[in-house]
$ cat model_6.pdb   # PDB, C-alpha atoms
ATOM      1  CA  MET A 199      15.588  -6.676  -3.722
ATOM      2  CA  GLN A 200      14.893 -10.253  -2.670
ATOM      3  CA  GLU A 201      11.353 -11.135  -3.698
ATOM      4  CA  ASN A 202      10.854 -13.881  -1.121
ATOM      5  CA  PHE A 203       7.276 -13.042  -0.130
ATOM      6  CA  LEU A 204       3.917 -13.452  -1.827
ATOM      7  CA  ILE A 205       2.032 -10.179  -1.503
ATOM      8  CA  THR A 206      -1.731 -10.103  -2.024
ATOM      9  CA  ILE A 207      -3.311  -6.677  -2.249
ATOM     10  CA  LYS A 208      -7.074  -6.260  -2.277
ATOM     11  CA  GLY A 209      -8.298  -2.739  -2.854
ATOM     12  CA  THR A 210     -11.905  -1.599  -2.724
ATOM     13  CA  MET A 211     -13.081   1.843  -3.754
ATOM     14  CA  GLU A 212     -16.502   3.012  -2.561
ATOM     15  CA  GLN A 213     -18.004   5.921  -4.441
ATOM     16  CA  ARG A 214     -21.595   7.205  -4.539
ATOM     17  CA  GLY A 215     -23.038   3.927  -3.225
ATOM     18  CA  ASP A 216     -21.067   1.739  -5.666
ATOM     19  CA  SER A 217     -17.950  -0.263  -4.917
ATOM     20  CA  ASP A 218     -15.225  -1.693  -7.131
ATOM     21  CA  THR A 219     -12.676  -4.247  -5.921
ATOM     22  CA  VAL A 220      -9.336  -5.130  -7.508
ATOM     23  CA  GLU A 221      -6.984  -7.870  -6.317
ATOM     24  CA  LEU A 222      -3.299  -8.209  -7.160
ATOM     25  CA  MET A 223      -0.890 -11.017  -6.283
ATOM     26  CA  THR A 224       2.817 -10.426  -6.766
ATOM     27  CA  ARG A 225       6.217 -11.281  -5.361
ATOM     28  CA  GLY A 226       7.999  -8.742  -3.231
ATOM     29  CA  SER A 227       9.918  -8.137  -0.048
ATOM     30  CA  LEU A 228       9.169  -7.352   3.583
ATOM     31  CA  VAL A 229      11.680  -5.591   5.800
ATOM     32  CA  HIS A 230      11.439  -4.281   9.367
ATOM     33  CA  LYS A 231      13.740  -1.385  10.253
ATOM     34  CA  GLU A 232      13.736   1.807  12.298
ATOM     35  CA  GLY A 233      10.255   1.374  13.782
ATOM     36  CA  ALA A 234       8.411   0.460  10.580
ATOM     37  CA  TYR A 235       7.621  -2.371   8.183
ATOM     38  CA  TYR A 236       8.340  -1.910   4.482
ATOM     39  CA  ILE A 237       6.424  -3.931   1.890
ATOM     40  CA  VAL A 238       8.075  -3.492  -1.521
ATOM     41  CA  TYR A 239       6.919  -4.826  -4.896
ATOM     42  CA  LYS A 240       7.257  -4.095  -8.589
ATOM     43  CA  GLU A 241       4.156  -2.910 -10.424
ATOM     44  CA  THR A 242       3.044  -4.876 -13.483
ATOM     45  CA  GLU A 243       1.214  -4.161 -16.713
ATOM     46  CA  ALA A 244      -1.987  -5.317 -14.959
ATOM     47  CA  THR A 245      -1.891  -2.331 -12.589
ATOM     48  CA  GLY A 246      -1.086   0.153 -15.339
ATOM     49  CA  TYR A 247       2.142   1.161 -13.579
ATOM     50  CA  GLU A 248       4.621  -1.256 -15.175
ATOM     51  CA  GLY A 249       8.193  -0.104 -14.566
ATOM     52  CA  CYS A 250       7.360   1.361 -11.147
ATOM     53  CA  THR A 251       8.229   0.054  -7.696
ATOM     54  CA  THR A 252       5.801   0.594  -4.832
ATOM     55  CA  THR A 253       6.780   0.761  -1.170
ATOM     56  CA  VAL A 254       4.131   0.536   1.545
ATOM     57  CA  LYS A 255       5.572   1.698   4.877
ATOM     58  CA  VAL A 256       3.592   1.155   8.075
ATOM     59  CA  ALA A 257       4.696   2.403  11.476
ATOM     60  CA  ASP A 258       4.978  -0.191  14.263
ATOM     61  CA  ASP A 259       2.299   1.687  16.244
ATOM     62  CA  ALA A 260      -0.087   1.663  13.203
ATOM     63  CA  ARG A 261      -0.521   5.457  13.281
ATOM     64  CA  LYS A 262       0.722   6.041   9.749
ATOM     65  CA  VAL A 263       0.939   4.322   6.360
ATOM     66  CA  SER A 264       2.912   5.777   3.451
ATOM     67  CA  MET A 265       2.373   4.476  -0.067
ATOM     68  CA  LEU A 266       5.258   5.578  -2.266
ATOM     69  CA  ARG A 267       5.508   4.753  -5.977
ATOM     70  CA  TYR A 268       8.852   5.277  -7.713
ATOM     71  CA  GLY A 269       9.557   5.209 -11.451
ATOM     72  CA  LYS A 270       7.925   6.767 -14.499
ATOM     73  CA  VAL A 271       4.623   7.500 -12.679
ATOM     74  CA  PRO A 272       5.695   8.585  -9.153
ATOM     75  CA  SER A 273       3.208   9.297  -6.399
ATOM     76  CA  GLN A 274       2.845   9.353  -2.651
ATOM     77  CA  LEU A 275      -0.110   8.952  -0.334
ATOM     78  CA  ILE A 276       0.297   9.539   3.391
ATOM     79  CA  ILE A 277      -2.459   7.982   5.501
ATOM     80  CA  GLU A 278      -2.178   9.057   9.143
ATOM     81  CA  LYS A 279      -4.647   8.799  12.003
ATOM     82  CA  GLY A 280      -5.941  12.202  13.058
ATOM     83  CA  THR A 281      -4.300  14.139  10.203
ATOM     84  CA  ARG A 282      -5.475  15.076   6.710
ATOM     85  CA  HIS A 283      -2.576  15.162   4.249
ATOM     86  CA  LEU A 284      -2.487  16.836   0.847
ATOM     87  CA  CYS A 285      -0.692  14.344  -1.408
ATOM     88  CA  HIS A 286       0.758  14.428  -4.911
ATOM     89  CA  TYR A 287      -0.609  11.675  -7.137
ATOM     90  CA  GLU A 288       0.520  11.034 -10.711
ATOM     91  CA  THR A 289      -2.191   9.453 -12.848
ATOM     92  CA  GLY A 290      -0.278   8.910 -16.090
ATOM     93  CA  TYR A 291      -2.427  11.671 -17.600
ATOM     94  CA  GLY A 292      -1.152  14.350 -15.258
ATOM     95  CA  ALA A 293      -0.625  15.135 -11.595
ATOM     96  CA  VAL A 294      -3.373  15.845  -9.081
ATOM     97  CA  SER A 295      -3.351  16.852  -5.435
ATOM     98  CA  LEU A 296      -5.618  14.815  -3.193
ATOM     99  CA  GLY A 297      -6.655  15.240   0.420
ATOM    100  CA  VAL A 298      -6.152  11.969   2.306
ATOM    101  CA  ALA A 299      -7.626  11.160   5.740
ATOM    102  CA  ALA A 300      -7.288   7.826   7.574
ATOM    103  CA  ASP A 301     -10.266   5.826   8.841
ATOM    104  CA  ILE A 302      -8.580   2.622   9.980
ATOM    105  CA  ILE A 303      -4.965   1.428  10.204
ATOM    106  CA  GLU A 304      -4.337  -2.033  11.660
ATOM    107  CA  HIS A 305      -1.502  -4.482  11.183
ATOM    108  CA  GLU A 306      -0.368  -7.865  12.389
ATOM    109  CA  LEU A 307       3.020  -7.857  10.686
ATOM    110  CA  THR A 308       6.152  -9.638  11.827
ATOM    111  CA  GLU A 309       9.381 -10.218   9.922
ATOM    112  CA  ASP A 310       7.814 -13.501   8.746
ATOM    113  CA  GLY A 311       4.775 -11.843   7.129
ATOM    114  CA  GLY A 312       1.252 -11.030   8.245
ATOM    115  CA  LYS A 313      -1.540  -8.613   7.418
ATOM    116  CA  LEU A 314      -2.023  -4.895   6.978
ATOM    117  CA  LYS A 315      -5.468  -3.317   6.697
ATOM    118  CA  PHE A 316      -6.208   0.351   6.243
ATOM    119  CA  SER A 317      -8.898   2.593   4.844
ATOM    120  CA  TYR A 318      -8.932   6.241   3.963
ATOM    121  CA  THR A 319     -11.012   8.888   2.253
ATOM    122  CA  LEU A 320      -9.905  10.958  -0.715
ATOM    123  CA  ASP A 321     -11.055  14.479  -1.452
ATOM    124  CA  SER A 322     -10.261  16.864  -4.281
ATOM    125  CA  GLY A 323      -8.234  19.261  -2.168
ATOM    126  CA  ALA A 324     -11.236  21.590  -2.185
ATOM    127  CA  GLU A 325     -12.575  19.111   0.383
ATOM    128  CA  ASN A 326     -15.097  17.591  -2.044
ATOM    129  CA  PHE A 327     -15.432  13.893  -1.187
ATOM    130  CA  ILE A 328     -14.165  11.595  -3.957
ATOM    131  CA  SER A 329     -14.105   8.089  -2.480
ATOM    132  CA  ARG A 330     -13.472   5.822   0.493
ATOM    133  CA  ASN A 331     -10.754   3.268  -0.143
ATOM    134  CA  LEU A 332     -10.133   0.040   1.750
ATOM    135  CA  VAL A 333      -6.861  -1.841   1.362
ATOM    136  CA  ASP A 334      -6.086  -5.336   2.661
ATOM    137  CA  ILE A 335      -2.521  -6.574   2.206
ATOM    138  CA  THR A 336      -1.401 -10.097   3.093
ATOM    139  CA  VAL A 337       2.309 -10.929   3.100
ATOM    140  CA  GLU A 338       3.289 -14.612   3.114
ATOM    141  CA  ALA A 339       6.793 -16.073   3.042
ATOM    142  CA  LEU A 340       7.395 -18.173  -0.058
ATOM    143  CA  PRO A 341       8.321 -21.841   0.568
ATOM    144  CA  GLN A 342      11.996 -21.486  -0.401
ATOM    145  CA  ASN A 343      12.344 -19.009   2.476
ATOM    146  CA  ALA A 344      11.763 -21.840   4.952
ATOM    147  CA  GLU A 345      14.261 -24.090   3.157
ATOM    148  CA  ASN A 346      16.954 -21.382   3.260
ATOM    149  CA  ALA A 347      16.397 -20.849   6.992
ATOM    150  CA  GLU A 348      17.092 -24.535   7.704
ATOM    151  CA  GLN A 349      20.464 -24.548   5.920
TER     152      GLN A 349
END

$ encode --input "model_6.pdb" --output "structure tokens"
Amino acid sequence: MQENFLITIKGTMEQRGDSDTVELMTRGSLVHKEGAYYIVYKETEATGYEGCTTTVKVADDARKVSMLRYGKVPSQLIIEKGTRHLCHYETGYGAVSLGVAADIIEHELTEDGGKLKFSYTLDSGAENFISRNLVDITVEALPQNAENAEQ
């Protein structure tokens, strides 16, 4: 995997009137194929998922986002407009099933980078509200990318 993009991920969780925001900057890749953009990065010790690789897949038409984590703590969240998905999520302490429903999915991605914004609600599977989550991802080409393109 060529890590020729700077990926900034800002996640905010709103729960019972409180909100908590975490921001991560890492190197990764951006690929466009078969009607979707793929943002791929390696997790670090800071996220608690060191040794895992995360892929964020967003459809060109912004109807669906899939967050897939591979490695020792695998998980998947499917965020799709108009559909509630029951997703498997590994916490490191055990697996849980979560209901996931999309609020917003918007992107301005090109093969050169851009932005992805989405929000979704989580419920316990018994349809008890857990939290609303907002994710902003910015993907910027690293400077050496421009140098390589000129050669």

$ resolve_selection --input "model_6.pdb" --expression "the PyMOL selection byres ((chain A and resi 288) around 12)" --output "PyMOL selection string"
chain A and resi 246-247+250+266-275+285-287+289-296

$ atom_distance --input "model_6.pdb" --atom1 "CA of Ile328 (chain A)" --atom2 "CA of Lys279 (chain A)"
18.8 Å

$ closest_residue --input "model_6.pdb" --among "A:Ala299, A:Val220, A:Gly215, A:Ala260" --to "Asp321 (chain A)" --atoms "only C-alpha atoms"
A:Ala299

$ closest_residue --input "model_6.pdb" --among "A:Arg282, A:Arg214, A:Lys208, A:Lys255" --to "Ser329 (chain A)" --atoms "only C-alpha atoms"
A:Arg214

$ atom_distance --input "model_6.pdb" --atom1 "CA of Gly297 (chain A)" --atom2 "CA of Glu278 (chain A)"
11.6 Å
